[in-house]
Protein chains: 2
Amino acid sequence: MGAVSFAVIGAGNGGQAIAGHLALKGFKVNLYNRTYEKLIPIIEKGGIELKGEIKGFGKLNLITDDMKKAVEGVDIILVAVPASAHYKIANEVLPYLEEGQIIVLNPGRTGGALEFHNVIRKRRGLEVVIAETDTFIYACRSSMGKAKIYKIKEVVSVAAIPKDKTQMVVEALNTAFPQFVPAQNVLETSFNNFGSVFHPTPTLLNAARIETTKGNFEYYREGISPSVAKILEKIDNERMMVAKALGVNTISAKRWLKESYNAEGENLYEVIQNTKAYVGLLAPETLDCRYIFEDVPMSLVPMSSIAKEIGIKTLTIDAVIHLASVMHRKDYWKIGRTAEKLGIKGMSVEEIIELVEGRRKEVTIA
Amino acid sequence: MGAVSFAVIGAGNGGQAIAGHLALKGFKVNLYNRTYEKLIPIIEKGGIELKGEIKGFGKLNLITDDMKKAVEGVDIILVAVPASAHYKIANEVLPYLEEGQIIVLNPGRTGGALEFHNVIRKRRGLEVVIAETDTFIYACRSSMGKAKIYKIKEVVSVAAIPKDKTQMVVEALNTAFPQFVPAQNVLETSFNNFGSVFHPTPTLLNAARIETTKGNFEYYREGISPSVAKILEKIDNERMMVAKALGVNTISAKRWLKESYNAEGENLYEVIQNTKAYVGLLAPETLDCRYIFEDVPMSLVPMSSIAKEIGIKTLTIDAVIHLASVMHRKDYWKIGRTAEKLGIKGMSVEEIIELVEGRRKEVTIA
């Protein structure tokens, strides 16, 4: 494969940073955003100014609110929007997808690639590859054509549907970023979703504190007390139980913190208290935040919904989804990624695995 | 009926206060407590010193840890222990109950009288009356034979099983306290339980704040923010929905606050913020508090369990019970008052009403 070309979908924090960084590295990059206003300062500059770990100017090939032009002829489409927008993006990009293109969700949260796949299979016979990562590659903030990359992560797992295309996707991404490594399948990237553990439940269990202090407390170190951590451990166990039933190896949130941050402790509470990266991190300023409106429908709902299909109960996850729904007066069960939206309704474990591995013979298409 | 005599079961805050007050009024009062140590300072004094709204000394007839002696020959047995101890007390007092005695749970929380009734009906043919109140008559604190009564409530509802004994119970209690008025039946006293709305959910949704600040914030005014109040409104709706299905008229928590405290507001949040009695009331210092360990199993569990028997879903109540169970690593569903413990397992609405009204023909006895 020669030098690959990219379309970056979404000019938010992540989209501006990755588009700028790729362009700085010399790749041809188109940047798409649905609202034109957000693009104006970037169009004026002609690209993205990078600060932080990466410094320089990334000149973009095209900056547009026209999806067709954005994706025309590119090799890889990097989707960098909140997971709650994946479904909409899938439908918008569908008519313009070309044979052989690779779509990567950064990250997919839980079921992102499955949901995207379930939309694009409406175009019978179209051969494209859908992939998802388990996390976004940077910690960064962007605004008005200026992106600051605080930290580039060392390892980002990626998996494709069908599974046997994962290696090809990783190789294509590695021409730009060595950090991408292959995961077992999209169930692994979907269930190694630690935001599902750390985001909705502490936010819910600190609801009044967030509203009355505007988030002026340390989210992890004050917001996760011993009793809250016990509930997180249960959520984490439910997540791992579903993953295990699907043949996916996940690690516990406790072990993930230990490995990622060299934190020590007997239980999740202690490990969180000993995670230096969490010192000083404040809570969201409002409950109208991604920790609820993205992580509940796009992480917890698909975990619970997949679990139900294969006969596993996730009572703690379900309780959090319900209370978040009541609190926001939204039905996150309906808004979220259900088994139906993931295209796995009525499937057994074996059938789900066949689907993500690309071995499933399509019988009917909606 | 001549001057009635009392046994007060439980020498806690409420038990010492009501025993002392009744004795001061000239009634013959026995005071029972399971642990003898708690009785020693009271035995040394021979009674209770009263302060606050009621001042004076109430000389007790008998101060004992012997249940048989405590209840022998008395007309009314006032149970003033946490609802979580009702079942144990019922079993302990059962062998010593005498024909015609009245037992009053102060208060019953939800299903107190039903649970007690289900225990004592094991003694076939024993004719006693079980009653419960909807609230305790005082706001008070007691310790070591000294009781301070801050406030005597104006109205306390009481109902008996069977229902047609309620009037007799009220008349007997009125010889001591004019505040007692009859409720429709024990379902009314059980479902007009506002602690079920105001206690477990705000405690759970402020779990980390309670643990990290030792309860150093205003429980109602800071702990119940707009989003928390939305969840309370849903809990309150579920409570009223079950009550309505059982033919019981309840009022909303919002209306109860408006009527009890002359508070104004459009929604529950506003009314709570405008309730002057709540100003300055701090949260519990720990999560190991009655708001969880009494109100979850003795208020929320029976509401949910009765609802299930009659085909009503209480998803929000259930979510709170589940999360409290996970947090305390206790199965409050099992500890709590289930339909089985209330003696209503498998009953229809009509059969439950027949039971509380005393019209139900006993078919089998466990």
# chains A, B, ... in the order shown; residues from 1 in each chain; ligands from 1

$ interface_residues --of "chain A" --to "chain B" --cutoff "8 Å" --atoms "only C-alpha atoms" --output "MDAnalysis selection string"
chainID A and resid 204:209 211:212 222:228 230:231 234 315:316 318:320 322:323 326:328

$ residues_around --residues "Met347 (chain B)" --least-positions-apart "3" --cutoff "12 Å" --atoms "only C-alpha atoms" --output "number ranges by chain"
B: 246, 305-311, 339-340, 342-344, 350-355, 360

$ write_last_selection --atoms "C-alpha atoms" --output "PDB file, in the first residue's frame"
ATOM      1  CA  LEU B 246     -54.819  -1.314  46.432  1.00  0.00           C
ATOM      2  CA  SER B 305     -42.840  -6.929  46.534  1.00  0.00           C
ATOM      3  CA  ILE B 306     -46.528  -6.103  46.962  1.00  0.00           C
ATOM      4  CA  ALA B 307     -46.431  -4.389  43.539  1.00  0.00           C
ATOM      5  CA  LYS B 308     -45.063  -7.538  41.918  1.00  0.00           C
ATOM      6  CA  GLU B 309     -47.819  -9.682  43.436  1.00  0.00           C
ATOM      7  CA  ILE B 310     -50.462  -7.485  41.866  1.00  0.00           C
ATOM      8  CA  GLY B 311     -48.673  -7.065  38.539  1.00  0.00           C
ATOM      9  CA  ALA B 339     -44.825 -10.695  49.989  1.00  0.00           C
ATOM     10  CA  GLU B 340     -44.136 -14.033  51.656  1.00  0.00           C
ATOM     11  CA  LEU B 342     -46.260 -10.221  54.753  1.00  0.00           C
ATOM     12  CA  GLY B 343     -48.444 -13.277  54.235  1.00  0.00           C
ATOM     13  CA  ILE B 344     -49.817 -12.058  50.910  1.00  0.00           C
ATOM     14  CA  GLU B 350     -59.170  -8.287  46.533  1.00  0.00           C
ATOM     15  CA  GLU B 351     -57.601 -10.945  48.702  1.00  0.00           C
ATOM     16  CA  ILE B 352     -55.062  -8.495  50.152  1.00  0.00           C
ATOM     17  CA  ILE B 353     -57.864  -6.085  51.002  1.00  0.00           C
ATOM     18  CA  GLU B 354     -59.900  -8.920  52.533  1.00  0.00           C
ATOM     19  CA  LEU B 355     -56.876  -9.813  54.649  1.00  0.00           C
ATOM     20  CA  ARG B 360     -60.386 -13.280  54.714  1.00  0.00           C
TER      21      ARG B 360
END

$ atom_distance --atom1 "CA of Thr286 (chain B)" --atom2 "CA of Ile9 (chain B)"
26.9 Å

$ atom_distance --atom1 "CA of Ala243 (chain B)" --atom2 "CA of Arg359 (chain B)"
19.6 Å

$ residues_around --residues "Val158 (chain B)" --least-positions-apart "2" --cutoff "7 Å" --atoms "only C-alpha atoms" --output "list in words"
Ala131, Glu132, Thr133, Asp134, Val156, Ala160, Phe180, Val181, Pro182, Ala183 and Thr189 of chain B

$ write_last_selection --atoms "N, CA, C and O atoms" --output "PDB file, in the first residue's frame"
ATOM      1  N   ALA B 131     -51.879  -3.242  65.255  1.00  0.00           N
ATOM      2  CA  ALA B 131     -52.075  -1.942  64.610  1.00  0.00           C
ATOM      3  C   ALA B 131     -50.727  -1.316  64.293  1.00  0.00           C
ATOM      4  O   ALA B 131     -49.696  -1.718  64.845  1.00  0.00           O
ATOM      5  N   GLU B 132     -50.754  -0.356  63.387  1.00  0.00           N
ATOM      6  CA  GLU B 132     -49.511   0.372  63.086  1.00  0.00           C
ATOM      7  C   GLU B 132     -49.847   1.835  62.864  1.00  0.00           C
ATOM      8  O   GLU B 132     -50.946   2.184  62.428  1.00  0.00           O
ATOM      9  N   THR B 133     -48.873   2.712  63.178  1.00  0.00           N
ATOM     10  CA  THR B 133     -49.041   4.129  62.888  1.00  0.00           C
ATOM     11  C   THR B 133     -48.238   4.454  61.631  1.00  0.00           C
ATOM     12  O   THR B 133     -47.419   3.655  61.188  1.00  0.00           O
ATOM     13  N   ASP B 134     -48.500   5.637  61.058  1.00  0.00           N
ATOM     14  CA  ASP B 134     -47.756   6.030  59.861  1.00  0.00           C
ATOM     15  C   ASP B 134     -46.493   6.819  60.193  1.00  0.00           C
ATOM     16  O   ASP B 134     -45.659   7.046  59.325  1.00  0.00           O
ATOM     17  N   VAL B 156     -51.391  11.683  64.083  1.00  0.00           N
ATOM     18  CA  VAL B 156     -50.753  10.406  63.782  1.00  0.00           C
ATOM     19  C   VAL B 156     -51.856   9.435  63.372  1.00  0.00           C
ATOM     20  O   VAL B 156     -52.809   9.209  64.122  1.00  0.00           O
ATOM     21  N   ALA B 160     -55.701  -0.818  62.188  1.00  0.00           N
ATOM     22  CA  ALA B 160     -55.567  -2.144  62.792  1.00  0.00           C
ATOM     23  C   ALA B 160     -55.906  -3.240  61.796  1.00  0.00           C
ATOM     24  O   ALA B 160     -56.580  -3.016  60.792  1.00  0.00           O
ATOM     25  N   PHE B 180     -53.982  10.618  67.881  1.00  0.00           N
ATOM     26  CA  PHE B 180     -54.212   9.452  67.029  1.00  0.00           C
ATOM     27  C   PHE B 180     -55.576   9.521  66.348  1.00  0.00           C
ATOM     28  O   PHE B 180     -56.586   9.788  66.994  1.00  0.00           O
ATOM     29  N   VAL B 181     -55.565   9.331  65.037  1.00  0.00           N
ATOM     30  CA  VAL B 181     -56.810   9.335  64.244  1.00  0.00           C
ATOM     31  C   VAL B 181     -56.830   8.064  63.385  1.00  0.00           C
ATOM     32  O   VAL B 181     -55.784   7.517  63.057  1.00  0.00           O
ATOM     33  N   PRO B 182     -58.019   7.610  63.023  1.00  0.00           N
ATOM     34  CA  PRO B 182     -58.077   6.363  62.240  1.00  0.00           C
ATOM     35  C   PRO B 182     -57.718   6.556  60.775  1.00  0.00           C
ATOM     36  O   PRO B 182     -58.104   7.544  60.155  1.00  0.00           O
ATOM     37  N   ALA B 183     -56.959   5.604  60.221  1.00  0.00           N
ATOM     38  CA  ALA B 183     -56.717   5.538  58.777  1.00  0.00           C
ATOM     39  C   ALA B 183     -57.680   4.513  58.187  1.00  0.00           C
ATOM     40  O   ALA B 183     -58.308   3.731  58.916  1.00  0.00           O
ATOM     41  N   THR B 189     -51.689   3.371  56.127  1.00  0.00           N
ATOM     42  CA  THR B 189     -50.546   3.734  56.981  1.00  0.00           C
ATOM     43  C   THR B 189     -49.231   3.244  56.362  1.00  0.00           C
ATOM     44  O   THR B 189     -48.202   3.894  56.485  1.00  0.00           O
TER      45      THR B 189
END

$ residues_around --residues "Ile161 (chain B)" --least-positions-apart "2" --cutoff "9 Å" --atoms "only C-alpha atoms" --output "short mmCIF file (atom, residue, chain, number, x, y, z; two decimals) with N, CA and C atoms, in the first residue's frame"
data_model
loop_
_atom_site.label_atom_id
_atom_site.label_comp_id
_atom_site.auth_asym_id
_atom_site.auth_seq_id
_atom_site.Cartn_x
_atom_site.Cartn_y
_atom_site.Cartn_z
N ALA B 113 -47.58 -4.07 60.22
CA ALA B 113 -48.70 -4.79 60.86
C ALA B 113 -48.96 -6.11 60.15
N LEU B 114 -48.85 -6.10 58.82
CA LEU B 114 -49.06 -7.34 58.06
C LEU B 114 -48.03 -8.40 58.45
N HIS B 117 -48.74 -9.59 61.96
CA HIS B 117 -49.94 -10.43 61.90
C HIS B 117 -49.62 -11.81 61.37
N VAL B 129 -55.17 -7.72 68.63
CA VAL B 129 -55.29 -6.75 67.54
C VAL B 129 -53.91 -6.18 67.24
N ILE B 130 -53.53 -6.20 65.96
CA ILE B 130 -52.26 -5.61 65.53
C ILE B 130 -52.57 -4.29 64.85
N ALA B 131 -51.88 -3.24 65.25
CA ALA B 131 -52.08 -1.94 64.61
C ALA B 131 -50.73 -1.32 64.29
N GLU B 132 -50.75 -0.36 63.39
CA GLU B 132 -49.51 0.37 63.09
C GLU B 132 -49.85 1.83 62.86
N ALA B 159 -53.99 2.33 62.06
CA ALA B 159 -54.95 1.37 61.50
C ALA B 159 -54.65 0.00 62.07
N LYS B 163 -59.49 -4.45 60.22
CA LYS B 163 -59.85 -3.04 60.04
C LYS B 163 -60.92 -2.57 61.03
N ASP B 164 -61.91 -3.43 61.34
CA ASP B 164 -63.01 -2.96 62.19
C ASP B 164 -62.61 -2.79 63.65
N LYS B 165 -61.35 -3.08 63.97
CA LYS B 165 -60.85 -2.82 65.33
C LYS B 165 -60.14 -1.48 65.41
N THR B 166 -59.96 -0.80 64.28
CA THR B 166 -59.21 0.47 64.27
C THR B 166 -59.83 1.47 65.24
N ASN B 185 -57.12 1.79 56.42
CA ASN B 185 -56.67 0.44 56.78
C ASN B 185 -55.14 0.45 56.84
N VAL B 186 -54.52 -0.69 57.14
CA VAL B 186 -53.05 -0.69 57.28
C VAL B 186 -52.34 -0.46 55.96
N LEU B 355 -57.77 -9.48 53.53
CA LEU B 355 -56.88 -9.81 54.65
C LEU B 355 -56.76 -8.65 55.63
N VAL B 356 -56.48 -7.46 55.12
CA VAL B 356 -56.29 -6.33 56.04
C VAL B 356 -57.60 -5.91 56.68
N GLU B 357 -58.70 -6.24 56.03
CA GLU B 357 -60.00 -5.88 56.60
C GLU B 357 -60.52 -6.98 57.53
N GLY B 358 -59.80 -8.09 57.59
CA GLY B 358 -60.20 -9.17 58.49
C GLY B 358 -61.36 -9.99 57.96
#

$ atom_distance --atom1 "CA of Ala283 (chain B)" --atom2 "CA of Phe198 (chain B)"
11.7 Å

$ residues_around --residues "region 27-38 of chain A" --least-positions-apart "5" --cutoff "9 Å" --atoms "only C-alpha atoms" --output "ChimeraX atom specification"
/A:3-12,15-16,19-20,22,59-67,69-71,74,143-144,176

$ closest_residue --among "B:Pro41, B:Gly247, B:Pro284, B:Pro178" --to "Lys214 (chain B)" --atoms "only C-alpha atoms"
B:Pro284

$ select_by_dssp --residues "region 166-305 of chain B" --states "strand (DSSP E or B)" --output "PyMOL selection string"
chain B and resi 180-182+218+282

$ closest_residue --among "A:Val349, A:Leu50, A:Ala139, A:Val169" --to "Ile103 (chain A)" --atoms "only C-alpha atoms"
A:Val169

$ residues_around --residues "His86 (chain A)" --least-positions-apart "2" --cutoff "9 Å" --atoms "only C-alpha atoms" --output "JSON, numbers by chain"
{"A": [79, 81, 82, 83, 84, 88, 89, 90, 91, 105, 108, 112, 115, 116]}

$ write_last_selection --atoms "all heavy atoms" --output "mmCIF file, in the first residue's frame"
data_model
loop_
_atom_site.group_PDB
_atom_site.id
_atom_site.type_symbol
_atom_site.label_atom_id
_atom_site.label_comp_id
_atom_site.auth_asym_id
_atom_site.auth_seq_id
_atom_site.Cartn_x
_atom_site.Cartn_y
_atom_site.Cartn_z
ATOM 1 N N VAL A 79 -13.546 8.140 11.922
ATOM 2 C CA VAL A 79 -14.710 8.780 12.536
ATOM 3 C C VAL A 79 -14.327 9.203 13.946
ATOM 4 O O VAL A 79 -13.943 8.366 14.769
ATOM 5 C CB VAL A 79 -15.922 7.828 12.543
ATOM 6 C CG1 VAL A 79 -17.124 8.509 13.198
ATOM 7 C CG2 VAL A 79 -16.260 7.388 11.114
ATOM 8 N N VAL A 81 -16.249 11.309 16.200
ATOM 9 C CA VAL A 81 -17.407 12.005 16.788
ATOM 10 C C VAL A 81 -17.843 11.195 18.010
ATOM 11 O O VAL A 81 -17.456 10.033 18.154
ATOM 12 C CB VAL A 81 -18.573 12.108 15.777
ATOM 13 C CG1 VAL A 81 -18.168 12.915 14.549
ATOM 14 C CG2 VAL A 81 -19.072 10.721 15.361
ATOM 15 N N PRO A 82 -18.661 11.798 18.918
ATOM 16 C CA PRO A 82 -19.172 10.997 20.037
ATOM 17 C C PRO A 82 -19.925 9.775 19.507
ATOM 18 O O PRO A 82 -20.552 9.837 18.439
ATOM 19 C CB PRO A 82 -20.130 11.953 20.753
ATOM 20 C CG PRO A 82 -19.675 13.321 20.363
ATOM 21 C CD PRO A 82 -19.128 13.193 18.979
ATOM 22 N N ALA A 83 -19.851 8.686 20.245
ATOM 23 C CA ALA A 83 -20.477 7.447 19.794
ATOM 24 C C ALA A 83 -21.968 7.625 19.534
ATOM 25 O O ALA A 83 -22.549 6.937 18.690
ATOM 26 C CB ALA A 83 -20.250 6.348 20.832
ATOM 27 N N SER A 84 -22.581 8.577 20.244
ATOM 28 C CA SER A 84 -24.009 8.812 20.052
ATOM 29 C C SER A 84 -24.310 9.341 18.652
ATOM 30 O O SER A 84 -25.465 9.334 18.222
ATOM 31 C CB SER A 84 -24.531 9.776 21.123
ATOM 32 O OG SER A 84 -23.560 10.754 21.429
ATOM 33 N N LYS A 88 -25.932 8.128 12.982
ATOM 34 C CA LYS A 88 -26.265 9.190 12.033
ATOM 35 C C LYS A 88 -25.181 9.302 10.953
ATOM 36 O O LYS A 88 -25.490 9.385 9.758
ATOM 37 C CB LYS A 88 -26.379 10.506 12.821
ATOM 38 C CG LYS A 88 -26.990 11.670 12.062
ATOM 39 C CD LYS A 88 -27.111 12.867 13.006
ATOM 40 C CE LYS A 88 -27.460 14.131 12.251
ATOM 41 N NZ LYS A 88 -28.816 14.069 11.654
ATOM 42 N N ILE A 89 -23.941 9.282 11.376
ATOM 43 C CA ILE A 89 -22.820 9.352 10.432
ATOM 44 C C ILE A 89 -22.858 8.160 9.468
ATOM 45 O O ILE A 89 -22.640 8.303 8.259
ATOM 46 C CB ILE A 89 -21.473 9.380 11.189
ATOM 47 C CG1 ILE A 89 -21.327 10.671 12.005
ATOM 48 C CG2 ILE A 89 -20.289 9.184 10.232
ATOM 49 C CD1 ILE A 89 -21.135 11.937 11.187
ATOM 50 N N ALA A 90 -23.158 6.974 10.005
ATOM 51 C CA ALA A 90 -23.205 5.776 9.161
ATOM 52 C C ALA A 90 -24.226 5.959 8.035
ATOM 53 O O ALA A 90 -23.960 5.643 6.865
ATOM 54 C CB ALA A 90 -23.554 4.552 10.004
ATOM 55 N N ASN A 91 -25.387 6.484 8.388
ATOM 56 C CA ASN A 91 -26.413 6.691 7.377
ATOM 57 C C ASN A 91 -26.031 7.783 6.385
ATOM 58 O O ASN A 91 -26.343 7.700 5.205
ATOM 59 C CB ASN A 91 -27.750 7.026 8.049
ATOM 60 C CG ASN A 91 -28.434 5.777 8.558
ATOM 61 O OD1 ASN A 91 -28.970 4.994 7.778
ATOM 62 N ND2 ASN A 91 -28.372 5.566 9.866
ATOM 63 N N LEU A 105 -13.744 3.695 13.702
ATOM 64 C CA LEU A 105 -14.392 4.487 14.754
ATOM 65 C C LEU A 105 -13.385 4.677 15.887
ATOM 66 O O LEU A 105 -12.821 3.720 16.392
ATOM 67 C CB LEU A 105 -15.636 3.770 15.274
ATOM 68 C CG LEU A 105 -16.636 3.307 14.203
ATOM 69 C CD1 LEU A 105 -17.803 2.577 14.862
ATOM 70 C CD2 LEU A 105 -17.133 4.491 13.387
ATOM 71 N N GLY A 108 -14.968 3.092 19.333
ATOM 72 C CA GLY A 108 -16.325 2.631 19.022
ATOM 73 C C GLY A 108 -17.245 2.632 20.220
ATOM 74 O O GLY A 108 -18.435 2.473 20.071
ATOM 75 N N GLY A 112 -19.889 -0.158 18.537
ATOM 76 C CA GLY A 112 -19.837 0.846 17.472
ATOM 77 C C GLY A 112 -19.691 0.230 16.089
ATOM 78 O O GLY A 112 -20.452 0.543 15.175
ATOM 79 N N GLU A 115 -22.832 -1.718 15.090
ATOM 80 C CA GLU A 115 -23.933 -0.838 14.699
ATOM 81 C C GLU A 115 -23.682 -0.254 13.305
ATOM 82 O O GLU A 115 -24.582 -0.215 12.458
ATOM 83 C CB GLU A 115 -24.087 0.288 15.730
ATOM 84 C CG GLU A 115 -25.249 1.225 15.454
ATOM 85 C CD GLU A 115 -25.252 2.423 16.395
ATOM 86 O OE1 GLU A 115 -24.174 3.059 16.589
ATOM 87 O OE2 GLU A 115 -26.308 2.743 16.940
ATOM 88 N N PHE A 116 -22.462 0.199 13.068
ATOM 89 C CA PHE A 116 -22.104 0.775 11.771
ATOM 90 C C PHE A 116 -22.264 -0.275 10.668
ATOM 91 O O PHE A 116 -22.833 -0.022 9.608
ATOM 92 C CB PHE A 116 -20.645 1.252 11.827
ATOM 93 C CG PHE A 116 -20.384 2.549 11.112
ATOM 94 C CD1 PHE A 116 -20.355 3.744 11.813
ATOM 95 C CD2 PHE A 116 -20.154 2.578 9.738
ATOM 96 C CE1 PHE A 116 -20.089 4.942 11.161
ATOM 97 C CE2 PHE A 116 -19.896 3.776 9.078
ATOM 98 C CZ PHE A 116 -19.863 4.960 9.794
#

$ select_by_dssp --residues "region 212-291 of chain A" --states "alpha helix (DSSP H)" --output "PyMOL selection string"
chain A and resi 212-213+226-245+253-261+268-273+290-291

$ write_last_selection --atoms "N, CA and C atoms" --output "compact mmCIF listing (two decimals), in the first residue's frame"
# COMPACT_ATOMS: atom_id res chain seq x y z
N THR A 212 -24.88 20.86 42.73
CA THR A 212 -24.80 21.95 43.70
C THR A 212 -23.42 22.58 43.79
N THR A 213 -22.38 21.87 43.30
CA THR A 213 -21.02 22.47 43.35
C THR A 213 -20.50 22.77 41.95
N PRO A 226 -15.35 4.42 49.12
CA PRO A 226 -15.36 2.95 49.20
C PRO A 226 -16.68 2.32 48.74
N SER A 227 -17.81 2.90 49.13
CA SER A 227 -19.10 2.29 48.74
C SER A 227 -19.38 2.44 47.25
N VAL A 228 -19.02 3.59 46.69
CA VAL A 228 -19.20 3.78 45.25
C VAL A 228 -18.30 2.79 44.50
N ALA A 229 -17.09 2.60 45.00
CA ALA A 229 -16.17 1.66 44.35
C ALA A 229 -16.72 0.23 44.38
N LYS A 230 -17.44 -0.13 45.44
CA LYS A 230 -18.05 -1.47 45.48
C LYS A 230 -19.07 -1.63 44.34
N ILE A 231 -19.81 -0.58 44.07
CA ILE A 231 -20.78 -0.64 42.97
C ILE A 231 -20.03 -0.71 41.63
N LEU A 232 -18.94 0.04 41.51
CA LEU A 232 -18.15 -0.03 40.27
C LEU A 232 -17.57 -1.43 40.06
N GLU A 233 -17.14 -2.05 41.12
CA GLU A 233 -16.60 -3.42 41.00
C GLU A 233 -17.66 -4.37 40.48
N LYS A 234 -18.90 -4.16 40.91
CA LYS A 234 -19.99 -5.02 40.45
C LYS A 234 -20.28 -4.77 38.96
N ILE A 235 -20.29 -3.51 38.58
CA ILE A 235 -20.48 -3.16 37.17
C ILE A 235 -19.37 -3.80 36.33
N ASP A 236 -18.15 -3.70 36.84
CA ASP A 236 -16.99 -4.24 36.14
C ASP A 236 -17.10 -5.77 36.02
N ASN A 237 -17.57 -6.42 37.08
CA ASN A 237 -17.76 -7.87 37.03
C ASN A 237 -18.81 -8.25 35.99
N GLU A 238 -19.89 -7.48 35.94
CA GLU A 238 -20.93 -7.78 34.94
C GLU A 238 -20.37 -7.63 33.53
N ARG A 239 -19.61 -6.55 33.29
CA ARG A 239 -18.96 -6.33 32.00
C ARG A 239 -18.09 -7.53 31.62
N MET A 240 -17.26 -7.97 32.56
CA MET A 240 -16.33 -9.07 32.26
C MET A 240 -17.07 -10.40 32.06
N MET A 241 -18.17 -10.56 32.79
CA MET A 241 -18.95 -11.79 32.68
C MET A 241 -19.55 -11.93 31.28
N VAL A 242 -20.08 -10.83 30.75
CA VAL A 242 -20.66 -10.86 29.41
C VAL A 242 -19.55 -11.11 28.38
N ALA A 243 -18.43 -10.42 28.56
CA ALA A 243 -17.30 -10.58 27.64
C ALA A 243 -16.83 -12.04 27.62
N LYS A 244 -16.72 -12.61 28.82
CA LYS A 244 -16.24 -13.99 28.92
C LYS A 244 -17.19 -14.94 28.19
N ALA A 245 -18.48 -14.71 28.35
CA ALA A 245 -19.46 -15.57 27.67
C ALA A 245 -19.32 -15.47 26.16
N ALA A 253 -11.05 -3.55 35.70
CA ALA A 253 -10.70 -2.14 35.79
C ALA A 253 -9.55 -1.94 36.76
N LYS A 254 -9.56 -2.71 37.84
CA LYS A 254 -8.47 -2.63 38.83
C LYS A 254 -7.13 -2.96 38.17
N ARG A 255 -7.10 -4.08 37.42
CA ARG A 255 -5.84 -4.48 36.78
C ARG A 255 -5.44 -3.47 35.71
N TRP A 256 -6.42 -2.95 35.00
CA TRP A 256 -6.13 -1.96 33.96
C TRP A 256 -5.46 -0.73 34.56
N LEU A 257 -5.98 -0.26 35.70
CA LEU A 257 -5.36 0.90 36.37
C LEU A 257 -3.96 0.55 36.84
N LYS A 258 -3.80 -0.65 37.40
CA LYS A 258 -2.48 -1.06 37.86
C LYS A 258 -1.48 -1.07 36.71
N GLU A 259 -1.91 -1.63 35.57
CA GLU A 259 -1.00 -1.75 34.43
C GLU A 259 -0.76 -0.41 33.74
N SER A 260 -1.82 0.40 33.64
CA SER A 260 -1.69 1.66 32.91
C SER A 260 -0.97 2.72 33.72
N TYR A 261 -1.15 2.71 35.04
CA TYR A 261 -0.66 3.83 35.84
C TYR A 261 0.25 3.40 36.98
N LEU A 268 -10.48 -1.92 44.19
CA LEU A 268 -10.60 -0.85 43.21
C LEU A 268 -10.49 0.53 43.86
N TYR A 269 -11.09 0.67 45.05
CA TYR A 269 -11.04 1.95 45.75
C TYR A 269 -9.59 2.37 46.00
N GLU A 270 -8.81 1.47 46.54
CA GLU A 270 -7.43 1.81 46.87
C GLU A 270 -6.61 2.13 45.61
N VAL A 271 -6.83 1.35 44.56
CA VAL A 271 -6.07 1.58 43.33
C VAL A 271 -6.41 2.95 42.75
N ILE A 272 -7.68 3.31 42.77
CA ILE A 272 -8.07 4.63 42.26
C ILE A 272 -7.41 5.73 43.09
N GLN A 273 -7.43 5.57 44.41
CA GLN A 273 -6.81 6.58 45.28
C GLN A 273 -5.31 6.71 45.00
N ARG A 290 -21.11 14.01 28.65
CA ARG A 290 -20.92 12.77 27.90
C ARG A 290 -20.85 11.53 28.78
N TYR A 291 -20.42 11.72 30.03
CA TYR A 291 -20.36 10.57 30.95
C TYR A 291 -21.75 9.94 31.10

$ closest_residue --among "B:Ile312, B:Ala17, B:Ala172, B:Leu282" --to "Arg141 (chain B)" --atoms "only C-alpha atoms"
B:Ala17
